[in-house]
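K.L.:
Got a structure for you, questions after.
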Amino acid sequence: MALKRMIVELGMGTDLTGADYTKAAVRALKDALWHNSLTIAPAMGKKPQDMHVKVLIGVPQPDKVDKAAVAAVLPYGTSTVEVIEGGLEIMNDEGTNLTLMANAAAVVYLDIPEKK
């Protein structure tokens, strides 16, 4: 068996006034996930817990994201979280506060038999 990519879900999340990178990342992943109901696992004869989810988060300062908090958003399956440089920081006119935007991709894999 081999892991096969089945779905890619995309989302965007913000923290409008607190510049909390983890909050924006969590919101981006929720945006990617909460707009659908995946039925791919049962359609392939698998359980939702069999899904392997690779989460990719883009924010301007990747080291400020708590990966465990992002992974905790996933309702089932196993996960990995990678945070890279991306997203946006938008400073207010006074230069005292940021609006932060994070992007997320959740790539869902299932372990399915190889075709012969």
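Chain labels follow the order of the structure tokens: the first chain is A, the next B, and so on; residue numbering restarts at 1 in every chain, and ligands are counted from 1 in their shown order.
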If you count only C-alpha atoms, which residues fall within 9 Å of region 43-47 of chain A, apart from same-chain ones fewer than 2 positions away, as a list in words?
P.N.:
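Once the nearby chain positions are removed, what remains is Thr39, Ile40, Ala41, Gln49, Asp50, Met51, Gly77, Leu110, Asp111 and Ile112 of chain A.
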K.L.:
Only all heavy atoms, please: the residues just picked out, written as a PDB file, in the first residue's frame.
P.N.:
ATOM      1  N   THR A  39     -16.199  12.768   2.406  1.00  0.00           N
ATOM      2  CA  THR A  39     -16.719  11.402   2.355  1.00  0.00           C
ATOM      3  C   THR A  39     -15.772  10.484   1.593  1.00  0.00           C
ATOM      4  O   THR A  39     -16.130   9.356   1.287  1.00  0.00           O
ATOM      5  CB  THR A  39     -18.112  11.388   1.702  1.00  0.00           C
ATOM      6  OG1 THR A  39     -18.006  11.933   0.379  1.00  0.00           O
ATOM      7  CG2 THR A  39     -19.108  12.200   2.509  1.00  0.00           C
ATOM      8  N   ILE A  40     -14.574  10.978   1.322  1.00  0.00           N
ATOM      9  CA  ILE A  40     -13.625  10.205   0.517  1.00  0.00           C
ATOM     10  C   ILE A  40     -13.170   8.932   1.234  1.00  0.00           C
ATOM     11  O   ILE A  40     -13.042   7.890   0.608  1.00  0.00           O
ATOM     12  CB  ILE A  40     -12.414  11.060   0.076  1.00  0.00           C
ATOM     13  CG1 ILE A  40     -11.558  10.319  -0.960  1.00  0.00           C
ATOM     14  CG2 ILE A  40     -11.559  11.487   1.245  1.00  0.00           C
ATOM     15  CD1 ILE A  40     -12.161  10.239  -2.305  1.00  0.00           C
ATOM     16  N   ALA A  41     -12.938   9.000   2.540  1.00  0.00           N
ATOM     17  CA  ALA A  41     -12.460   7.812   3.260  1.00  0.00           C
ATOM     18  C   ALA A  41     -13.465   6.678   3.167  1.00  0.00           C
ATOM     19  O   ALA A  41     -13.099   5.575   2.724  1.00  0.00           O
ATOM     20  CB  ALA A  41     -12.125   8.165   4.708  1.00  0.00           C
ATOM     21  N   GLN A  49     -10.519   8.054  10.506  1.00  0.00           N
ATOM     22  CA  GLN A  49      -9.295   7.993  11.301  1.00  0.00           C
ATOM     23  C   GLN A  49      -8.099   7.505  10.492  1.00  0.00           C
ATOM     24  O   GLN A  49      -6.953   7.680  10.915  1.00  0.00           O
ATOM     25  CB  GLN A  49      -9.498   7.080  12.520  1.00  0.00           C
ATOM     26  CG  GLN A  49     -10.510   7.593  13.504  1.00  0.00           C
ATOM     27  CD  GLN A  49     -11.964   7.277  13.107  1.00  0.00           C
ATOM     28  OE1 GLN A  49     -12.243   6.699  12.073  1.00  0.00           O
ATOM     29  NE2 GLN A  49     -12.885   7.708  13.945  1.00  0.00           N
ATOM     30  N   ASP A  50      -8.340   6.900   9.333  1.00  0.00           N
ATOM     31  CA  ASP A  50      -7.254   6.403   8.481  1.00  0.00           C
ATOM     32  C   ASP A  50      -6.608   7.513   7.648  1.00  0.00           C
ATOM     33  O   ASP A  50      -5.578   7.293   7.004  1.00  0.00           O
ATOM     34  CB  ASP A  50      -7.768   5.321   7.522  1.00  0.00           C
ATOM     35  CG  ASP A  50      -8.237   4.075   8.242  1.00  0.00           C
ATOM     36  OD1 ASP A  50      -7.700   3.766   9.327  1.00  0.00           O
ATOM     37  OD2 ASP A  50      -9.150   3.398   7.716  1.00  0.00           O
ATOM     38  N   MET A  51      -7.207   8.689   7.647  1.00  0.00           N
ATOM     39  CA  MET A  51      -6.665   9.774   6.834  1.00  0.00           C
ATOM     40  C   MET A  51      -5.359  10.298   7.433  1.00  0.00           C
ATOM     41  O   MET A  51      -5.204  10.379   8.648  1.00  0.00           O
ATOM     42  CB  MET A  51      -7.667  10.924   6.704  1.00  0.00           C
ATOM     43  CG  MET A  51      -8.887  10.556   5.908  1.00  0.00           C
ATOM     44  SD  MET A  51      -9.920  11.967   5.403  1.00  0.00           S
ATOM     45  CE  MET A  51     -10.320  12.700   6.957  1.00  0.00           C
ATOM     46  N   GLY A  77      -7.735  11.429  12.201  1.00  0.00           N
ATOM     47  CA  GLY A  77      -6.595  11.120  11.345  1.00  0.00           C
ATOM     48  C   GLY A  77      -5.291  11.521  12.005  1.00  0.00           C
ATOM     49  O   GLY A  77      -5.261  12.057  13.110  1.00  0.00           O
ATOM     50  N   LEU A 110      -4.688   8.970   1.751  1.00  0.00           N
ATOM     51  CA  LEU A 110      -5.158   7.672   2.235  1.00  0.00           C
ATOM     52  C   LEU A 110      -4.177   6.610   1.771  1.00  0.00           C
ATOM     53  O   LEU A 110      -3.588   6.707   0.684  1.00  0.00           O
ATOM     54  CB  LEU A 110      -6.549   7.345   1.686  1.00  0.00           C
ATOM     55  CG  LEU A 110      -7.717   8.082   2.309  1.00  0.00           C
ATOM     56  CD1 LEU A 110      -8.995   7.783   1.536  1.00  0.00           C
ATOM     57  CD2 LEU A 110      -7.885   7.703   3.766  1.00  0.00           C
ATOM     58  N   ASP A 111      -4.019   5.599   2.595  1.00  0.00           N
ATOM     59  CA  ASP A 111      -3.181   4.460   2.259  1.00  0.00           C
ATOM     60  C   ASP A 111      -4.039   3.486   1.461  1.00  0.00           C
ATOM     61  O   ASP A 111      -4.926   2.824   2.004  1.00  0.00           O
ATOM     62  CB  ASP A 111      -2.669   3.802   3.552  1.00  0.00           C
ATOM     63  CG  ASP A 111      -1.494   2.889   3.317  1.00  0.00           C
ATOM     64  OD1 ASP A 111      -0.969   2.831   2.183  1.00  0.00           O
ATOM     65  OD2 ASP A 111      -1.090   2.223   4.282  1.00  0.00           O
ATOM     66  N   ILE A 112      -3.821   3.452   0.155  1.00  0.00           N
ATOM     67  CA  ILE A 112      -4.627   2.604  -0.726  1.00  0.00           C
ATOM     68  C   ILE A 112      -3.731   1.683  -1.531  1.00  0.00           C
ATOM     69  O   ILE A 112      -2.555   1.994  -1.768  1.00  0.00           O
ATOM     70  CB  ILE A 112      -5.541   3.428  -1.645  1.00  0.00           C
ATOM     71  CG1 ILE A 112      -4.735   4.388  -2.524  1.00  0.00           C
ATOM     72  CG2 ILE A 112      -6.563   4.206  -0.830  1.00  0.00           C
ATOM     73  CD1 ILE A 112      -5.557   5.121  -3.545  1.00  0.00           C
TER      74      ILE A 112
END
K.L.:
Where in chain A does DSSP assign strand (DSSP E), given as a PyMOL selection string?
P.N.:
chain A and resi 2-15+52-59+78-85+88-91+98-112
K.L.:
If we count only C-alpha atoms, what is near region 12-27 of chain A at a cut-off of 8 Å, once residues fewer than 5 positions away on the same chain are taken out, given as a list in words?
P.N.:
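Residues meeting the cut-off are Ala32, Ile57, Gly58, Val59, Gln61, Lys64, Val65, Asp66, Lys67, Ala69, Val70, Val73, Asn97, Leu98, Thr99, Leu100, Met101, Ala102, Asn103 and Ala104 of chain A.
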K.L.:
Among chain A, which ones does DSSP assign to helix (DSSP H, G or I) (computed from the backbone)? Answer as a PyMOL selection string.
P.N.:
chain A and resi 21-33+40-43+48-50+62-64+67-71
K.L.:
Create the file for the chosen residues now, containing N, CA, C and O atoms and written as an mmCIF file, in the first residue's frame.
P.N.:
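Now in again-v9.cif:
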data_model
loop_
_atom_site.group_PDB
_atom_site.id
_atom_site.type_symbol
_atom_site.label_atom_id
_atom_site.label_comp_id
_atom_site.auth_asym_id
_atom_site.auth_seq_id
_atom_site.Cartn_x
_atom_site.Cartn_y
_atom_site.Cartn_z
ATOM 1 N N TYR A 21 -0.157 34.916 15.628
ATOM 2 C CA TYR A 21 0.103 34.056 14.467
ATOM 3 C C TYR A 21 -0.603 32.720 14.586
ATOM 4 O O TYR A 21 -1.116 32.187 13.601
ATOM 5 N N THR A 22 -0.636 32.149 15.785
ATOM 6 C CA THR A 22 -1.304 30.866 15.965
ATOM 7 C C THR A 22 -2.805 31.017 15.743
ATOM 8 O O THR A 22 -3.425 30.175 15.088
ATOM 9 N N LYS A 23 -3.394 32.069 16.263
ATOM 10 C CA LYS A 23 -4.835 32.298 16.084
ATOM 11 C C LYS A 23 -5.170 32.398 14.597
ATOM 12 O O LYS A 23 -6.143 31.800 14.121
ATOM 13 N N ALA A 24 -4.387 33.153 13.846
ATOM 14 C CA ALA A 24 -4.631 33.284 12.406
ATOM 15 C C ALA A 24 -4.450 31.950 11.694
ATOM 16 O O ALA A 24 -5.229 31.603 10.804
ATOM 17 N N ALA A 25 -3.427 31.178 12.081
ATOM 18 C CA ALA A 25 -3.177 29.874 11.460
ATOM 19 C C ALA A 25 -4.314 28.902 11.745
ATOM 20 O O ALA A 25 -4.769 28.175 10.849
ATOM 21 N N VAL A 26 -4.795 28.874 12.989
ATOM 22 C CA VAL A 26 -5.914 28.005 13.356
ATOM 23 C C VAL A 26 -7.155 28.395 12.562
ATOM 24 O O VAL A 26 -7.867 27.538 12.032
ATOM 25 N N ARG A 27 -7.418 29.682 12.462
ATOM 26 C CA ARG A 27 -8.581 30.140 11.691
ATOM 27 C C ARG A 27 -8.455 29.773 10.212
ATOM 28 O O ARG A 27 -9.451 29.444 9.563
ATOM 29 N N ALA A 28 -7.250 29.829 9.667
ATOM 30 C CA ALA A 28 -7.044 29.461 8.262
ATOM 31 C C ALA A 28 -7.326 27.979 8.046
ATOM 32 O O ALA A 28 -7.985 27.597 7.071
ATOM 33 N N LEU A 29 -6.851 27.135 8.960
ATOM 34 C CA LEU A 29 -7.119 25.697 8.816
ATOM 35 C C LEU A 29 -8.604 25.410 8.988
ATOM 36 O O LEU A 29 -9.179 24.619 8.237
ATOM 37 N N LYS A 30 -9.248 26.049 9.953
ATOM 38 C CA LYS A 30 -10.697 25.857 10.118
ATOM 39 C C LYS A 30 -11.441 26.291 8.864
ATOM 40 O O LYS A 30 -12.392 25.631 8.439
ATOM 41 N N ASP A 31 -11.014 27.391 8.254
ATOM 42 C CA ASP A 31 -11.635 27.848 7.011
ATOM 43 C C ASP A 31 -11.523 26.775 5.934
ATOM 44 O O ASP A 31 -12.463 26.524 5.185
ATOM 45 N N ALA A 32 -10.379 26.142 5.860
ATOM 46 C CA ALA A 32 -10.177 25.083 4.861
ATOM 47 C C ALA A 32 -11.065 23.871 5.134
ATOM 48 O O ALA A 32 -11.597 23.268 4.210
ATOM 49 N N LEU A 33 -11.237 23.537 6.389
ATOM 50 C CA LEU A 33 -11.942 22.303 6.747
ATOM 51 C C LEU A 33 -13.445 22.461 6.920
ATOM 52 O O LEU A 33 -14.206 21.552 6.589
ATOM 53 N N ILE A 40 -14.574 10.978 1.322
ATOM 54 C CA ILE A 40 -13.625 10.205 0.517
ATOM 55 C C ILE A 40 -13.170 8.932 1.234
ATOM 56 O O ILE A 40 -13.042 7.890 0.608
ATOM 57 N N ALA A 41 -12.938 9.000 2.540
ATOM 58 C CA ALA A 41 -12.460 7.812 3.260
ATOM 59 C C ALA A 41 -13.465 6.678 3.167
ATOM 60 O O ALA A 41 -13.099 5.575 2.724
ATOM 61 N N PRO A 42 -14.740 6.879 3.540
ATOM 62 C CA PRO A 42 -15.698 5.784 3.412
ATOM 63 C C PRO A 42 -15.876 5.320 1.967
ATOM 64 O O PRO A 42 -16.065 4.130 1.716
ATOM 65 N N ALA A 43 -15.790 6.243 1.019
ATOM 66 C CA ALA A 43 -15.923 5.868 -0.389
ATOM 67 C C ALA A 43 -14.794 4.938 -0.829
ATOM 68 O O ALA A 43 -14.962 4.141 -1.752
ATOM 69 N N PRO A 48 -12.536 7.544 8.638
ATOM 70 C CA PRO A 48 -11.951 8.889 8.706
ATOM 71 C C PRO A 48 -10.636 8.908 9.501
ATOM 72 O O PRO A 48 -9.734 9.683 9.183
ATOM 73 N N GLN A 49 -10.519 8.054 10.506
ATOM 74 C CA GLN A 49 -9.295 7.993 11.301
ATOM 75 C C GLN A 49 -8.099 7.505 10.492
ATOM 76 O O GLN A 49 -6.953 7.680 10.915
ATOM 77 N N ASP A 50 -8.340 6.900 9.333
ATOM 78 C CA ASP A 50 -7.254 6.403 8.481
ATOM 79 C C ASP A 50 -6.608 7.513 7.648
ATOM 80 O O ASP A 50 -5.578 7.293 7.004
ATOM 81 N N PRO A 62 7.057 32.396 10.574
ATOM 82 C CA PRO A 62 6.672 31.015 10.863
ATOM 83 C C PRO A 62 6.975 30.553 12.285
ATOM 84 O O PRO A 62 6.222 29.741 12.836
ATOM 85 N N ASP A 63 8.025 31.042 12.898
ATOM 86 C CA ASP A 63 8.399 30.577 14.231
ATOM 87 C C ASP A 63 7.409 31.016 15.309
ATOM 88 O O ASP A 63 7.471 30.544 16.448
ATOM 89 N N LYS A 64 6.456 31.878 14.985
ATOM 90 C CA LYS A 64 5.473 32.350 15.955
ATOM 91 C C LYS A 64 4.199 31.508 15.982
ATOM 92 O O LYS A 64 3.255 31.850 16.689
ATOM 93 N N LYS A 67 2.521 24.814 16.383
ATOM 94 C CA LYS A 67 2.099 23.729 15.490
ATOM 95 C C LYS A 67 1.122 22.778 16.169
ATOM 96 O O LYS A 67 0.201 22.268 15.536
ATOM 97 N N ALA A 68 1.322 22.503 17.448
ATOM 98 C CA ALA A 68 0.421 21.593 18.168
ATOM 99 C C ALA A 68 -0.993 22.166 18.226
ATOM 100 O O ALA A 68 -1.974 21.416 18.086
ATOM 101 N N ALA A 69 -1.127 23.472 18.415
ATOM 102 C CA ALA A 69 -2.449 24.094 18.441
ATOM 103 C C ALA A 69 -3.124 23.998 17.074
ATOM 104 O O ALA A 69 -4.338 23.793 16.988
ATOM 105 N N VAL A 70 -2.350 24.117 16.016
ATOM 106 C CA VAL A 70 -2.903 23.981 14.667
ATOM 107 C C VAL A 70 -3.340 22.537 14.434
ATOM 108 O O VAL A 70 -4.458 22.278 13.971
ATOM 109 N N ALA A 71 -2.507 21.577 14.787
ATOM 110 C CA ALA A 71 -2.841 20.159 14.590
ATOM 111 C C ALA A 71 -4.085 19.770 15.376
ATOM 112 O O ALA A 71 -4.859 18.907 14.936
#
K.L.:
Using only C-alpha atoms for the distances, tell me which of A:Thr96, A:Val53, A:Ala2, A:Leu10 is nearest to Ala72 (chain A).
P.N.:
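Using only C-alpha atoms, Ala72 (chain A) sits closest to A:Val53.
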K.L.:
Need the shell around Val55 (chain A): protein/DNA/RNA residues with any atom at most 6 Å away, counting only C-alpha atoms. Skip same-chain ones fewer than 3 positions apart. Format as number ranges by chain?
P.N.:
A: 81, 105-106
